[in-house]
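Visitor: Structure file target32.txt (compact mmCIF, C-alpha atoms) right here:
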# COMPACT_ATOMS: atom_id res chain seq x y z
CA MET A 1 -54.19 69.77 0.57
CA SER A 2 -56.40 67.97 3.10
CA ASN A 3 -55.09 65.67 5.79
CA LEU A 4 -56.59 62.73 3.85
CA GLN A 5 -54.71 63.64 0.67
CA ILE A 6 -51.47 64.07 2.58
CA GLY A 7 -51.97 60.67 4.24
CA LEU A 8 -52.65 58.98 0.92
CA ALA A 9 -49.57 60.58 -0.62
CA ILE A 10 -47.40 59.35 2.24
CA ALA A 11 -48.86 55.85 2.04
CA GLY A 12 -48.29 55.76 -1.72
CA GLY A 13 -44.71 56.83 -1.26
CA LEU A 14 -44.11 54.10 1.31
CA VAL A 15 -45.58 51.46 -1.01
CA LEU A 16 -43.40 52.67 -3.91
CA ALA A 17 -40.31 52.63 -1.69
CA ALA A 18 -41.17 49.11 -0.56
CA VAL A 19 -41.54 47.93 -4.15
CA VAL A 20 -38.20 49.47 -5.14
CA ALA A 21 -36.48 47.99 -2.09
CA HIS A 22 -37.92 44.54 -2.78
CA GLY A 23 -36.75 44.72 -6.39
CA ALA A 24 -33.24 45.68 -5.30
CA TRP A 25 -33.20 42.91 -2.69
CA SER A 26 -34.32 40.31 -5.26
CA ALA A 27 -31.68 41.44 -7.75
CA ARG A 28 -29.00 41.27 -5.09
CA LYS A 29 -30.18 37.84 -3.93
CA ASN A 30 -30.05 36.40 -7.46
CA ALA A 31 -26.77 38.06 -8.48
CA PRO A 32 -23.63 35.90 -8.53
CA ARG A 33 -21.90 35.81 -5.17
CA GLN A 34 -18.73 37.89 -5.13
CA ALA A 35 -15.39 37.42 -3.42
CA ARG A 36 -15.05 39.26 -0.11
CA LEU A 37 -12.26 41.82 0.10
CA ASP A 38 -10.36 42.15 3.37
CA ARG A 39 -9.78 45.88 3.87
CA THR A 40 -7.45 45.22 6.80
CA GLU A 41 -4.82 43.90 4.42
CA GLY A 42 -3.70 47.11 2.79
CA ASP A 43 -1.13 45.39 0.60
CA SER A 44 -3.49 42.76 -0.81
CA GLY A 45 -3.57 44.47 -4.19
CA LEU A 46 -7.33 43.86 -4.56
CA ASP A 47 -9.66 46.74 -5.44
CA GLU A 48 -13.38 46.67 -4.77
CA GLY A 49 -15.35 45.59 -7.79
CA ARG A 50 -12.43 43.71 -9.38
CA GLU A 51 -12.10 39.95 -9.52
CA PRO A 52 -9.11 38.69 -7.48
CA VAL A 53 -6.34 37.27 -9.64
CA LEU A 54 -4.18 34.55 -8.14
CA GLU A 55 -0.67 33.70 -9.24
CA VAL A 56 -0.39 31.21 -12.09
CA SER A 57 1.27 27.98 -11.02
CA ALA A 58 3.90 26.29 -13.15
CA LEU A 59 2.61 22.99 -11.77
CA ASP A 60 -0.49 23.29 -13.95
CA HIS A 61 1.40 22.15 -17.00
CA ALA A 62 0.23 18.55 -16.33
CA PRO A 63 3.62 16.86 -16.58
CA PHE A 64 2.33 13.56 -18.02
CA THR A 65 5.49 13.00 -20.21
CA LEU A 66 9.22 13.35 -19.68
CA PRO A 67 10.99 16.49 -20.93
CA THR A 68 12.97 16.22 -24.15
CA VAL A 69 16.25 16.68 -22.28
CA SER A 70 16.58 14.82 -18.99
CA ARG A 71 19.21 12.89 -17.10
CA ARG A 72 16.59 10.34 -16.06
CA PRO A 73 16.28 7.27 -18.33
CA VAL A 74 13.16 7.47 -20.45
CA MET A 75 12.61 3.90 -21.57
CA ASP A 76 11.64 0.83 -19.60
CA SER A 77 11.04 -2.62 -21.05
CA LEU A 78 7.90 -2.92 -18.91
CA ILE A 79 6.01 -0.49 -21.15
CA ASP A 80 8.34 0.07 -24.12
CA VAL A 81 9.54 -1.80 -27.19
CA ILE A 82 13.31 -1.31 -27.13
CA ALA A 83 15.63 -1.76 -30.10
CA THR A 84 19.40 -1.83 -29.48
CA ILE A 85 21.59 0.24 -31.82
CA ALA A 86 25.26 -0.76 -32.07
CA LEU A 87 27.84 1.51 -33.68
CA ASP A 88 29.61 0.10 -36.73
CA SER A 89 33.08 -1.33 -36.05
CA HIS A 90 34.92 1.68 -37.45
CA VAL A 91 33.02 4.12 -35.19
CA SER A 92 34.05 4.35 -31.55
CA ALA A 93 31.79 7.17 -30.42
CA VAL A 94 29.33 9.77 -31.70
CA SER A 95 29.14 13.36 -30.49
CA GLY A 96 25.97 14.69 -28.97
CA GLU A 97 25.77 17.28 -31.73
CA ALA A 98 25.84 14.60 -34.43
CA VAL A 99 23.21 12.58 -32.60
CA LEU A 100 20.86 15.54 -32.26
CA ALA A 101 21.27 16.32 -35.97
CA ALA A 102 20.27 12.74 -36.84
CA MET A 103 17.21 12.63 -34.55
CA PRO A 104 13.83 12.34 -36.32
CA ALA A 105 11.76 15.48 -36.65
CA THR A 106 8.95 14.13 -34.46
CA ARG A 107 9.13 12.14 -31.25
CA ARG A 108 5.98 10.14 -31.87
CA VAL A 109 5.10 6.99 -33.78
CA GLY A 110 1.42 7.20 -34.60
CA SER A 111 -0.17 7.98 -31.23
CA LYS A 112 2.75 6.61 -29.18
CA PRO A 113 5.82 8.41 -27.77
CA PHE A 114 9.11 7.55 -29.47
CA ALA A 115 12.49 8.08 -27.81
CA ILE A 116 16.20 7.55 -28.34
CA GLU A 117 18.76 7.16 -25.57
CA GLY A 118 22.52 7.16 -25.76
CA TYR A 119 25.12 5.57 -23.50
CA ASN A 120 27.20 8.45 -22.17
CA LEU A 121 30.86 7.42 -22.20
CA HIS A 122 31.73 9.93 -19.49
CA THR A 123 28.95 9.33 -16.95
CA MET A 124 28.34 5.73 -18.07
CA VAL A 125 24.55 6.09 -17.91
CA TRP A 126 21.77 5.95 -20.49
CA GLU A 127 20.26 9.35 -21.22
CA PRO A 128 18.47 11.37 -23.90
CA PRO A 129 21.34 12.72 -26.03
CA VAL A 130 22.61 16.24 -25.30
CA ALA A 131 25.23 18.42 -26.95
CA GLY A 132 28.75 18.34 -25.57
CA GLN A 133 28.70 14.62 -24.71
CA ARG A 134 30.01 11.50 -26.46
CA TYR A 135 28.03 8.30 -26.84
CA GLY A 136 29.16 4.74 -27.43
CA GLY A 137 25.81 3.06 -28.11
CA PHE A 138 22.12 3.77 -28.44
CA GLN A 139 18.68 2.33 -27.98
CA ALA A 140 15.37 3.40 -29.49
CA GLY A 141 12.00 2.78 -27.97
CA VAL A 142 8.31 3.21 -28.61
CA GLN A 143 5.64 2.97 -25.93
CA LEU A 144 3.55 -0.20 -26.02
CA ALA A 145 0.30 1.44 -24.98
CA ASN A 146 -1.31 4.62 -23.69
CA ARG A 147 -4.84 5.97 -23.45
CA SER A 148 -4.98 6.02 -27.25
CA GLY A 149 -4.74 2.22 -27.29
CA ALA A 150 -2.18 -0.49 -27.98
CA LEU A 151 0.75 -0.28 -30.38
CA ASN A 152 -0.33 -1.85 -33.68
CA GLU A 153 1.53 -3.34 -36.66
CA ILE A 154 1.49 -0.10 -38.64
CA GLU A 155 2.95 1.87 -35.75
CA TYR A 156 5.58 -0.80 -35.19
CA SER A 157 6.59 -0.57 -38.84
CA GLU A 158 6.89 3.22 -38.53
CA PHE A 159 9.07 2.68 -35.45
CA VAL A 160 11.37 0.43 -37.48
CA VAL A 161 11.63 2.99 -40.32
CA LYS A 162 12.45 5.87 -37.96
CA THR A 163 15.00 3.87 -36.02
CA GLN A 164 16.68 2.60 -39.18
CA ALA A 165 16.96 6.13 -40.61
CA PHE A 166 18.55 7.37 -37.37
CA SER A 167 20.96 4.43 -37.32
CA ASP A 168 22.02 5.01 -40.92
CA ALA A 169 22.76 8.65 -40.14
CA ILE A 170 25.21 7.80 -37.33
CA ASN A 171 26.74 4.68 -38.92
CA ALA A 172 25.07 2.16 -36.66
CA THR A 173 23.01 -1.01 -36.94
CA PRO A 174 19.71 -1.57 -35.08
CA GLU A 175 18.36 -4.87 -33.79
CA PHE A 176 14.61 -5.13 -33.35
CA PRO A 177 12.51 -7.52 -31.25
CA GLU A 178 9.95 -9.67 -33.04
CA MET A 179 6.99 -7.52 -34.15
CA LEU A 180 4.23 -10.06 -33.44
CA ASP A 181 5.51 -10.66 -29.93
CA GLU A 182 5.65 -6.95 -29.15
CA VAL A 183 2.24 -6.21 -30.60
CA ALA A 184 0.77 -9.05 -28.52
CA ARG A 185 2.52 -7.63 -25.44
CA ALA A 186 1.09 -4.21 -26.26
CA ARG A 187 -2.45 -5.57 -26.41
CA GLU A 188 -2.09 -7.33 -23.07
CA LEU A 189 -0.75 -4.16 -21.43
CA ASP A 190 -3.52 -2.10 -22.98
CA GLN A 191 -6.15 -4.50 -21.62
CA PHE A 192 -4.67 -4.22 -18.15
CA ALA A 193 -4.48 -0.43 -18.32
CA SER A 194 -8.04 -0.10 -19.61
CA ALA A 195 -9.35 -2.24 -16.76
CA HIS A 196 -7.48 -0.22 -14.12
CA ASP A 197 -7.79 3.34 -15.40
CA ALA A 198 -9.77 5.39 -12.88
CA GLN A 199 -10.69 9.05 -13.19
CA LEU A 200 -13.02 10.48 -10.56
CA GLY A 201 -15.17 13.58 -10.79
CA PHE A 202 -17.34 15.31 -8.21
CA THR A 203 -19.67 18.18 -9.11
CA ILE A 204 -20.55 20.90 -6.62
CA ARG A 205 -23.82 22.64 -7.51
CA ALA A 206 -25.14 25.89 -6.11
CA ARG A 207 -28.28 25.46 -3.99
CA ASN A 208 -29.54 29.02 -4.43
CA ALA A 209 -27.48 32.00 -5.58
CA SER A 210 -24.92 31.45 -8.34
CA TRP A 211 -21.18 32.16 -7.97
CA SER A 212 -18.79 34.53 -9.69
CA PRO A 213 -15.30 33.33 -10.76
CA GLY A 214 -13.71 35.41 -7.99
CA TYR A 215 -15.99 33.88 -5.37
CA ILE A 216 -14.98 30.38 -6.47
CA GLN A 217 -11.29 31.27 -6.61
CA GLN A 218 -11.34 32.80 -3.15
CA HIS A 219 -12.89 29.72 -1.52
CA ALA A 220 -10.71 27.28 -3.48
CA ALA A 221 -7.56 29.26 -2.68
CA SER A 222 -8.30 28.89 1.03
CA LEU A 223 -7.91 25.12 0.50
CA GLY A 224 -4.59 25.41 -1.33
CA PHE A 225 -5.73 25.58 -4.95
CA VAL A 226 -3.93 27.96 -7.32
CA VAL A 227 -5.10 29.42 -10.60
CA GLY A 228 -3.91 27.44 -13.62
CA VAL A 229 -2.83 28.59 -17.06
CA ILE A 230 -6.15 27.46 -18.57
CA PRO A 231 -9.09 29.83 -17.92
CA GLY A 232 -11.59 28.31 -15.53
CA ARG A 233 -9.07 25.87 -14.07
CA MET A 234 -7.39 25.67 -10.67
CA VAL A 235 -5.05 22.99 -9.38
CA LEU A 236 -3.97 21.62 -6.02
CA PRO A 237 -0.18 21.22 -6.40
CA ALA A 238 1.60 18.04 -5.39
CA SER A 239 4.01 18.09 -2.46
CA GLU A 240 6.93 17.36 -4.81
CA GLU A 241 7.74 19.85 -7.54
CA GLY A 242 7.35 18.51 -11.07
CA GLN A 243 4.64 16.01 -10.21
CA ALA A 244 1.12 16.12 -11.63
CA PRO A 245 -1.44 18.19 -9.69
CA VAL A 246 -3.21 16.27 -6.95
CA LEU A 247 -6.62 17.66 -7.92
CA VAL A 248 -8.05 19.84 -10.65
CA LEU A 249 -10.96 22.22 -10.08
CA SER A 250 -12.71 23.54 -13.17
CA PHE A 251 -15.62 25.80 -14.04
CA ASP A 252 -17.03 27.53 -17.13
CA SER A 253 -14.06 28.94 -19.08
CA GLN A 254 -16.29 31.45 -20.85
CA ALA A 255 -17.27 32.91 -17.49
CA ALA A 256 -13.61 33.24 -16.56
CA LEU A 257 -12.90 35.05 -19.85
CA ALA A 258 -15.92 37.38 -19.66
CA GLU A 259 -15.33 41.12 -20.03
CA ASP A 260 -16.77 41.60 -16.54
CA PRO A 261 -16.24 38.30 -14.68
CA ALA A 262 -18.03 39.67 -11.61
CA GLN A 263 -21.30 39.47 -13.56
CA SER A 264 -20.74 35.88 -14.71
CA ALA A 265 -23.17 33.46 -13.10
CA ILE A 266 -21.72 30.00 -12.40
CA ARG A 267 -23.92 27.32 -10.90
CA ASP A 268 -21.54 24.36 -10.70
CA ILE A 269 -17.86 23.48 -10.45
CA THR A 270 -16.08 20.15 -10.90
CA LEU A 271 -13.32 18.45 -8.92
CA HIS A 272 -11.29 15.90 -10.90
CA LEU A 273 -8.80 13.23 -9.80
CA ASP A 274 -6.74 11.24 -12.31
CA VAL A 275 -5.92 8.34 -10.02
CA ALA A 276 -2.93 6.83 -11.85
CA GLN A 277 -1.23 10.21 -12.19
CA VAL A 278 -1.07 10.99 -8.46
CA ALA A 279 0.98 9.17 -5.86
CA ARG A 280 -0.91 7.23 -3.21
CA ALA A 281 1.13 9.01 -0.53
CA GLU A 282 -0.58 12.29 -1.44
CA HIS A 283 -3.89 10.85 -0.14
CA PRO A 284 -5.64 12.36 -3.17
CA PHE A 285 -9.09 10.85 -2.68
CA GLU A 286 -9.28 11.82 0.96
CA ARG A 287 -8.28 15.38 0.04
CA MET A 288 -10.74 15.41 -2.85
CA ARG A 289 -13.56 14.31 -0.57
CA GLU A 290 -12.67 16.87 2.10
CA ALA A 291 -12.32 19.67 -0.47
CA ALA A 292 -15.67 18.84 -2.07
CA PHE A 293 -17.66 18.91 1.16
CA THR A 294 -15.81 21.96 2.49
CA LEU A 295 -16.49 23.94 -0.67
CA ALA A 296 -20.12 22.82 -0.69
CA SER A 297 -20.57 23.88 2.93
CA ASN A 298 -18.83 27.24 2.57
CA MET A 299 -20.44 28.14 -0.77
CA ASP A 300 -23.99 26.85 -0.04
CA GLY A 301 -23.73 24.01 -2.53
CA VAL A 302 -24.28 20.28 -2.73
CA VAL A 303 -21.86 17.53 -3.84
CA THR A 304 -23.25 15.39 -6.67
CA ASP A 305 -22.14 12.88 -9.26
CA ASP A 306 -22.14 13.54 -13.01
CA ASN A 307 -25.88 12.83 -13.15
CA GLY A 308 -26.73 15.38 -10.50
CA GLN A 309 -27.40 12.82 -7.77
CA PRO A 310 -26.20 13.87 -4.28
CA LEU A 311 -23.22 11.85 -3.02
CA ALA A 312 -23.59 10.53 0.50
CA ALA A 313 -20.73 9.80 2.89
CA GLN A 314 -21.43 6.07 2.60
CA THR A 315 -20.93 6.22 -1.16
CA MET A 316 -17.62 7.98 -0.63
CA ASP A 317 -16.54 5.22 1.76
CA VAL A 318 -17.20 2.57 -0.89
CA ILE A 319 -15.18 4.49 -3.48
CA GLY A 320 -12.31 4.84 -1.03
CA VAL A 321 -12.17 1.08 -0.40
CA GLU A 322 -12.20 0.33 -4.13
CA LEU A 323 -9.36 2.78 -4.70
CA GLN A 324 -7.16 1.07 -2.12
CA SER A 325 -7.59 -2.19 -4.03
CA LEU A 326 -6.71 -0.43 -7.28
CA TYR A 327 -3.57 1.08 -5.77
CA ALA A 328 -2.44 -2.36 -4.60
CA THR A 329 -3.01 -3.90 -8.04
CA LEU A 330 -1.00 -1.16 -9.78
CA GLU A 331 1.85 -1.57 -7.30
CA GLN A 332 1.94 -5.33 -7.85
CA ARG A 333 2.37 -4.65 -11.57
CA ASP A 334 5.24 -2.18 -10.86
CA LEU A 335 3.00 0.63 -12.09
CA ALA A 336 2.38 2.43 -8.81
CA ALA A 337 0.12 5.47 -9.10
CA GLY A 338 2.16 8.62 -9.57
CA SER A 339 5.27 6.78 -10.76
CA MET A 340 6.83 7.82 -14.05
CA LEU A 341 5.78 4.56 -15.70
CA ALA A 342 2.17 4.92 -14.59
CA ARG A 343 2.08 8.54 -15.69
CA ARG A 344 3.36 7.57 -19.12
CA LEU A 345 1.05 4.58 -19.52
CA PHE A 346 -2.07 6.41 -18.33
CA SER A 347 -1.65 9.46 -20.53
Show me the file's structure as structure tokens.

Guide:
Amino acid sequence: MSNLQIGLAIAGGLVLAAVVAHGAWSARKNAPRQARLDRTEGDSGLDEGREPVLEVSALDHAPFTLPTVSRRPVMDSLIDVIATIALDSHVSAVSGEAVLAAMPATRRVGSKPFAIEGYNLHTMVWEPPVAGQRYGGFQAGVQLANRSGALNEIEYSEFVVKTQAFSDAINATPEFPEMLDEVARARELDQFASAHDAQLGFTIRARNASWSPGYIQQHAASLGFVVGVIPGRMVLPASEEGQAPVLVLSFDSQAALAEDPAQSAIRDITLHLDVAQVARAEHPFERMREAAFTLASNMDGVVTDDNGQPLAAQTMDVIGVELQSLYATLEQRDLAAGSMLARRLFS
């Protein structure tokens, strides 16, 4: 083989190698970004090539309603219709077991929560009935409004039927407020709630390379988010156990459920704040704003609104001022954000 042939062969080999290398580089550049594994932490439990799995948080159960059994009073005349239930003269008390047996099968009236409380003769407080206690009186309530709308005449009538059936079963007599007055009160409350119901969402979009679920989880976890029970969802827990999450981060659930999540390509994630559900003291908007820009910076993304328009700092400032006014209005109405009443009304 001549020197010329050898030279051409070498040159051809270099060109082929360059083409292969460029193809590999392009594939790597366009592949979803993966979570980094810290090999110095031998007990991390993460193996190379596997998506990191974070502990599921019990706080992700979105506690927007009271538990069935609770020592905390459920009803409040501010947002509930309340009917008093007096025991018949020949009945001095009713056992918790008898009360539970007489309770209706469902705790809803149409789209509204329905509840019954008993006056505990031992503790002398109103509570949802429990076994082993004795009760000297009762009250039934149905919520005036929620995000499904205002209590209407049909729902009020169903409330009356359910309460009457319960009262008959325990030898008691109910007394109901005037239906038209309560329905009018429900409409007024619903109008107020509709005008002051704020839910904010920021979208973080990838500028160049897409993200894998593990990459998103790793960066979000560094800001305090934990994996939720719903695929593609992470939450920032509240400082007080049992409260609604401060923020919710979500991405494509199908990507999270993929057979090989590392190959799933995600190009945007969403941060969500349900304003009325989170206490003002948690500073939720400030934390949402900081989390959005931190994630965007660390993941090479951009913060946008629902329409894909970038959100500037000045726009965030305006939103923050408007939220402070909203918080004040809710507090003046005794429906402070994050309170049990606000969480029930805005649910």

Visitor: Once you count only C-alpha atoms, which residues end up no further than 12 Å from (-13.4, 28.7, -3.6) in the file's frame, shown as a PyMOL selection string?

Guide: chain A and resi 33-36+52+54+204+211-227+233-235+249-251+268-271+291-301

Visitor: Counting all atoms listed in the file, what is within 12 Å of Val160 in chain A, bar same-chain residues fewer than 6 positions away, as a PyMOL selection string?

Guide: chain A and resi 81-85+109+114+140-142+153-154+166-167+173-179

Visitor: Could those selected residues go to a file with C-alpha atoms, as a short mmCIF file (atom, residue, chain, number, x, y, z; two decimals), keeping the file's coordinate frame?

Guide:
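result_2.cif, freshly written:
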data_model
loop_
_atom_site.label_atom_id
_atom_site.label_comp_id
_atom_site.auth_asym_id
_atom_site.auth_seq_id
_atom_site.Cartn_x
_atom_site.Cartn_y
_atom_site.Cartn_z
CA VAL A 81 9.54 -1.80 -27.19
CA ILE A 82 13.31 -1.31 -27.13
CA ALA A 83 15.63 -1.76 -30.10
CA THR A 84 19.40 -1.83 -29.48
CA ILE A 85 21.59 0.24 -31.82
CA VAL A 109 5.10 6.99 -33.78
CA PHE A 114 9.11 7.55 -29.47
CA ALA A 140 15.37 3.40 -29.49
CA GLY A 141 12.00 2.78 -27.97
CA VAL A 142 8.31 3.21 -28.61
CA GLU A 153 1.53 -3.34 -36.66
CA ILE A 154 1.49 -0.10 -38.64
CA PHE A 166 18.55 7.37 -37.37
CA SER A 167 20.96 4.43 -37.32
CA THR A 173 23.01 -1.01 -36.94
CA PRO A 174 19.71 -1.57 -35.08
CA GLU A 175 18.36 -4.87 -33.79
CA PHE A 176 14.61 -5.13 -33.35
CA PRO A 177 12.51 -7.52 -31.25
CA GLU A 178 9.95 -9.67 -33.04
CA MET A 179 6.99 -7.52 -34.15
#

Visitor: For Arg147 in chain A, work out the shell of residues within 12 Å, counting all atoms listed in the file and skipping chain neighbours fewer than 6 positions away, then give it as a list in words.

Guide: Phe64, Ser111, Lys112, Pro113, Leu189, Asp190, Gln191, Phe192, Ala193, Ser194, Ala195, His196, Asp197, Ala198, Ala276, Ala342, Arg343, Arg344, Leu345, Phe346 and Ser347 of chain A

Visitor: Might you pull out every residue within 7 Å of range 260-263 of chain A, with all atoms listed in the file counted and same-chain residues fewer than 2 positions away left off, and present them as JSON, numbers by chain?

Guide: {"A": [32, 34, 51, 212, 213, 255, 256, 257, 258, 265]}

Visitor: Of the candidates A:Ala337, A:Ala312, A:Val130, A:Val318, which one gets nearest to Ala101 in chain A if we count all atoms listed in the file?

Guide: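 Once distances to Ala101 in chain A are computed over all atoms listed in the file, the minimum belongs to A:Val130.
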
Visitor: Which residues are close to Leu236 in chain A, i.e. within 6 Å by all atoms listed in the file, leaving aside same-chain residues fewer than 3 positions away? Reply as a tab-separated table (two decimals) with C-alpha atoms, in the frame of the given file.

Guide:
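For reference, around_4.tsv as written:
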chain	number	residue	atom	x	y	z
A	225	PHE	CA	-5.73	25.58	-4.95
A	245	PRO	CA	-1.44	18.19	-9.69
A	246	VAL	CA	-3.21	16.27	-6.95
A	247	LEU	CA	-6.62	17.66	-7.92

Visitor: Mind pulling up the distance from CA of Ser77 in chain A to CA of Pro129 in chain A?

Guide: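 Computed distance, CA of Pro129 in chain A to CA of Ser77 in chain A, equals 19.1 Å.
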
Visitor: Tell me which of A:Glu97, A:Glu331, A:Glu188, A:Asp88 sits closest to Gly149 in chain A, counting only C-alpha atoms.

Guide: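 Counting only C-alpha atoms, the residue closest to Gly149 in chain A is A:Glu188.
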
Visitor: Which one is closest to Gly110 in chain A: A:Ala131, A:Leu151, A:Ile230, A:Leu87? Count all atoms listed in the file.

Guide: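 The closest residue to Gly110 in chain A is A:Leu151.
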
Visitor: Please indicate the distance in Å from CA of Asp317 in chain A to CA of Arg287 in chain A, rounded to one decimal place.

Guide: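 These two atoms are separated by 13.2 Å.
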
Visitor: Report the distance between CA of Tyr327 in chain A and CA of Gln199 in chain A in Å, rounded to one decimal place.

Guide: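 Going from CA of Tyr327 in chain A over to CA of Gln199 in chain A covers 13.0 Å.
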
Visitor: Pick out the residues sitting within 10 Å of Val94 in chain A, and hand them over as an NGL selection string; count only C-alpha atoms, and ignore anything fewer than 6 positions along from it in its own chain.

Guide: :A and (87 or 118 or 120-121 or 133-138 or 170-171)

Visitor: Which residue, A:Val74, A:Ala169, A:Ala98, A:Val275, has the smallest gap to Val125 in chain A when you use all atoms listed in the file?

Guide: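 Distance minimum relative to Val125 in chain A lands on A:Val74.
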